[in-house]
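Participant: Next up is a structure, given as structure tokens.
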Amino acid sequence: MSRFKLSRRIQALPPYLFAELDRKKQEVRSRGMDIIDLGVGDPDRPTPKFIVDRMKREAAVPANHQYPSYEGLPEFRAAAAKWYGERFGVSLDPADEVVALIGSKEGIAHFPLAFVNPGDVVLVPDPGYPVYHIATMFSGGKSHFMPLKRENGFLPQLDRIPSRVLAKAKILFINYPNNPTSAVADRSFYRKVLAFAEEHDLIVAHDVAYTEIYFDGVKPMSILELPGAKKRCIEFHSLSKTYNMTGWRIGFAVGNPELVGGLGKVKTNVDSGVFQAIQCSGIAALESGEEAADAIRKTYQERRDVLLPGLRSLGLDPVTPKATFYVWIPVPGGYTSASFCEHLLTKAGIVTTPGNGFGASGEGYIRMALTKEKGRIREAIERIRKIGF
Ligand SMILES: *Cc1c(COP(=O)(O)O)cnc(C)c1O
């Protein structure tokens with residue numbers, strides 16, 4: 001059996017913190033308890049009909065049944081570039097500054113393979129989307145975690161990173177609007193990031209999966225809006241959250257042509273691109289999806305405006321999200337992330353995500369997702385009121 005022993009790379013993966021929670025969820029479900037799942041960051045509503053209709057047509061086109069081009073259809077890359085121009089005022093050359101992705105997770109996971117050598121350091125937000133750290137490990141690099149704290153608006157304190165770390169650092173990962181904290185970054189933060197990256201010769205890899213899930217009409221920006229940003233930045237964009245398309249697996253990366261090209265080199269060797277019918281549906285979403293995206297934003301904002309006052313009425317102190325569909329909540333006194341999640345699950349049938357699952361600095365928080373209808377959110381609040389904490 002020793003031949004089947006998992007590689008050191010897999011053995012070194014961080015423990016799956018949700019295993020115990022998954023087991024308890026099964027147990028609660030088998031007791032016949034009704035479960036309200038606010039755990040998963042997956043839109044509950046279907047993909048807009050015009051996108052599904054486009055898919056039905058494109059699926060029947062024989063030309064779409066063959067291998068797609070590695071970097072994405074020229075029409076898809078052009079649509080992504082046009083969308084970036086209209087949304088952010090950023091001009092991109094579809095020929096070498098845009099690459100199609102099989103979901104942005106795929107791009108994020110492959111990116112360090114193109115630029116990180118064993119021993120190099122990657123700067124990773126904590127708490128954060130787990131893929132930044134895991135992709136770093138898979139490429140032989142070492143993560144240096146940057147704590148995101150409430151008192152700093154959940155922005156990393158770049159001046160706290162030791163110079164011995166910076167000497168080996170290659171990539172700086174950032175993610176705003178942020179999962180799991182829901183924080184948004186402003187122009188002055190991005191200016192700081194860019195100056196810091198110039199000073200220490202870093203690549204900036206910005207995960208922008210949530211730029212379109214914003215509230216109160218305030219649109220988050222792209223770091224590529226800053227003059228000179230294209231010299232060292234790449235952004236990972238996704239259609240998943242914007243258009244309720246998580247299952248379709250489509251996104252794109254944009255920015256510096258060498259960075260986009262490096263990622264493309266990895267992809268050429270491991271995957272064969274995005275099903276063309278899906279790319280065509282993605283074009284439809286990017287070209288005609290603004291109304292649908294607006295309705296999706298409105299839905300989450302209404303849910304937020306039910307959940308937030310509800311949580312406050314219970315005596316909790318959630319962070320008010322300006323974007324994303326997450327609510328980041330400090331646990332009440334006497335609880336850890338895990339014990340509060342367990343309390344809500346076993347006593348009230350409410351699934352939430354323990355903050356420490358996103359990194360050590362997430363300890364002391366839980367995350368709720370706005371991916372259930374308002375009635376269910378109200379019900380969750382009333383159940384918590386009943387059980388107390
Ligand atoms: C959902 C999510 C993604 C990836 O989405 P894809 O479906 O792979 O495009 C990337 N980053 C963050 C922070 C996410 O929450």
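Residue numbering restarts at 1 for every chain of the structure tokens, chains are lettered A, B, ... in their displayed order, and ligands are numbered from 1 as they appear.
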How would you report the residues lying within 8 Å of ligand 1, as a PyMOL selection string, if you count only C-alpha atoms and all ligand atoms?

Facilitator: chain A and resi 41-42+102-106+108+128-129+175+178-180+207-210+236-241+245-247+249-251

Participant: Determine, using only C-alpha atoms, which residues of range 276-365 of chain A have any atom at most 10 Å from an atom of range 81-86 of chain A, and tabulate each with its shortest atom pair and distance in Å to one decimal place, rows ordered by chain and then rising number, as JSON lines.

Facilitator:
```
{"residue": "A:Ile283", "atom": "CA", "partner": "A:Trp83", "partner_atom": "CA", "distance": 9.7}
{"residue": "A:Leu286", "atom": "CA", "partner": "A:Trp83", "partner_atom": "CA", "distance": 6.4}
{"residue": "A:Glu287", "atom": "CA", "partner": "A:Trp83", "partner_atom": "CA", "distance": 7.3}
```

Participant: Pull C-alpha atoms from the residues just selected and write them as a PDB file, in the first residue's frame.

Facilitator:
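File selection_8.pdb, as written:
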```pdb
ATOM      1  CA  ILE A 283     -20.649  36.739 -23.867  1.00  0.00           C
ATOM      2  CA  LEU A 286     -21.331  40.289 -20.238  1.00  0.00           C
ATOM      3  CA  GLU A 287     -23.103  42.094 -23.090  1.00  0.00           C
TER       4      GLU A 287
END
```

Participant: List as a PyMOL selection string the protein and nucleic acid residues near Gly217 in chain A, meaning an atom at most 12 Å away when only C-alpha atoms are counted, but skip any in the same chain fewer than 2 places from it.

Facilitator: chain A and resi 211-215+219-220+294+297-298+301+322-323

Participant: Between A:Gln66, A:Asn117, A:Ser222, A:Thr336, which one has atoms that come closest to Arg191 in chain A, using only C-alpha atoms?

Facilitator: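 The closest residue to Arg191 in chain A is A:Ser222.
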
Participant: Give me, please, the distance in Å between CA of Gly119 in chain A and CA of Leu13 in chain A, quoted to one decimal.

Facilitator: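 Atom-to-atom, CA of Gly119 in chain A and CA of Leu13 in chain A are spaced 17.0 Å apart.
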
Participant: Where does DSSP see strand (DSSP E) in range 3-153 of chain A, if you list the residues as a count of residues only?

Facilitator: 18

Participant: Check the smallest atom-to-atom distance from each of A:Thr324, A:Thr371, A:Ser313, A:Gln11 to Ile384 in chain A using only C-alpha atoms, then report the winner.

Facilitator: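 Smallest distance to Ile384 in chain A is found for A:Ser313.
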
Participant: With distances taken over only C-alpha atoms, which residue among A:Ala185, A:Val218, A:Ile174, A:Val204 lies nearest Lys230 in chain A?

Facilitator: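 Going through A:Ala185, A:Val218, A:Ile174, A:Val204 one by one, the smallest distance to Lys230 in chain A is for A:Val204.
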
Participant: Which of range 14-83 of chain A end up as alpha helix (DSSP H) when DSSP is run on this backbone - answer as a VMD selection string?

Facilitator: chain A and resid 19 to 30 49 to 59 74 to 83

Participant: So the first atom is CA of Arg160 in chain A and the second is CA of Phe145 in chain A; what is the distance between them in Å, to one decimal place?

Facilitator: 11.0 Å

Participant: Excluding Pro354 in chain A and any residue of its chain fewer than 5 positions from it, enumerate the residues within 8 Å of it, using only C-alpha atoms, and give them as number ranges by chain.

Facilitator: A: 337-338, 341, 362-363, 365-367

Participant: For the selection just defined, write its residues with N, CA, C and O atoms to a file, as a short mmCIF file (atom, residue, chain, number, x, y, z; two decimals), in the first residue's frame.

Facilitator:
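Output contents, as saved in selection.cif:
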```
data_model
loop_
_atom_site.label_atom_id
_atom_site.label_comp_id
_atom_site.auth_asym_id
_atom_site.auth_seq_id
_atom_site.Cartn_x
_atom_site.Cartn_y
_atom_site.Cartn_z
N SER A 337 -15.20 30.30 17.40
CA SER A 337 -15.89 30.17 16.10
C SER A 337 -16.60 28.83 16.03
O SER A 337 -17.78 28.74 15.68
N ALA A 338 -15.86 27.76 16.37
CA ALA A 338 -16.41 26.40 16.23
C ALA A 338 -17.56 26.15 17.20
O ALA A 338 -18.59 25.58 16.83
N CYS A 341 -20.75 28.05 16.07
CA CYS A 341 -21.35 27.35 14.91
C CYS A 341 -22.08 26.10 15.38
O CYS A 341 -23.19 25.82 14.91
N GLY A 362 -9.27 34.45 11.49
CA GLY A 362 -10.73 34.40 11.43
C GLY A 362 -11.34 33.85 12.71
O GLY A 362 -12.57 33.86 12.86
N GLU A 363 -10.48 33.36 13.61
CA GLU A 363 -11.00 32.85 14.89
C GLU A 363 -11.73 33.99 15.62
O GLU A 363 -11.29 35.14 15.60
N TYR A 365 -14.87 34.71 14.84
CA TYR A 365 -15.94 35.17 13.92
C TYR A 365 -16.67 33.96 13.35
O TYR A 365 -16.12 32.85 13.28
N ILE A 366 -17.90 34.20 12.88
CA ILE A 366 -18.57 33.25 12.00
C ILE A 366 -19.02 34.02 10.75
O ILE A 366 -19.15 35.25 10.79
N ARG A 367 -19.25 33.28 9.68
CA ARG A 367 -19.74 33.90 8.44
C ARG A 367 -21.12 33.35 8.11
O ARG A 367 -21.35 32.15 8.16
#
```

Participant: For Lys170 in chain A, find every residue with an atom within 8 Å (counting only C-alpha atoms), except residues of its own chain fewer than 3 positions away, and show them as a ChimeraX atom specification.

Facilitator: /A:115-116,120-123,201-203

Participant: May I have the residues within 8 Å of Gly264 in chain A as a list in words, using only C-alpha atoms and disregarding those fewer than 3 positions away in the same chain?

Facilitator: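 Everything that qualifies: Tyr70, Glu71, Val99, Val260, Gly261, Lys267 and Thr268 of chain A.
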
Participant: Next, write the just-selected residues to a file, as a PDB file, in the first residue's frame, keeping C-alpha atoms as the atom set.

Facilitator:
```
ATOM      1  CA  TYR A  70      -6.734  27.413 -24.876  1.00  0.00           C
ATOM      2  CA  GLU A  71      -6.891  31.125 -24.224  1.00  0.00           C
ATOM      3  CA  VAL A  99      -7.470  34.865 -20.772  1.00  0.00           C
ATOM      4  CA  VAL A 260      -1.648  36.702 -18.252  1.00  0.00           C
ATOM      5  CA  GLY A 261       0.714  34.877 -20.640  1.00  0.00           C
ATOM      6  CA  LYS A 267      -3.212  26.268 -18.624  1.00  0.00           C
ATOM      7  CA  THR A 268      -2.053  25.136 -22.062  1.00  0.00           C
TER       8      THR A 268
END
```

Participant: Find the residue from A:Glu258, A:Asp44, A:Glu290, A:Glu379 that sits nearest to Arg87 in chain A; use only C-alpha atoms when measuring.

Facilitator: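 When distances to Arg87 in chain A are compared using only C-alpha atoms, the smallest one comes from A:Glu290.
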
Participant: Please indicate the distance in Å from CA of Gly262 in chain A to CA of Gly72 in chain A, rounded to one decimal place.

Facilitator: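 Between these atoms lies a distance of 14.9 Å.
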
Participant: So which one's closest to Glu302 in chain A, A:Leu6, A:Val274, A:Ala285, A:Leu370? Using only C-alpha atoms, please.

Facilitator: A:Leu370

Participant: Give me the residues within 8 Å of Pro127 in chain A as a list in words, counting only C-alpha atoms and dropping any in the same chain fewer than 6 places off.

Facilitator: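 Neighbouring residues, sequence-local ones excluded: Pro147, Leu148, Pro180, Thr181, Gly355, Asn356, Phe358, Gly359, Ala360, Ser361 and Gly362 of chain A.
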
Participant: When you count only C-alpha atoms, which of these residues is closest to Lys374 in chain A: A:Val306, A:Ile278, A:Ala60, A:Ala109?

Facilitator: A:Val306
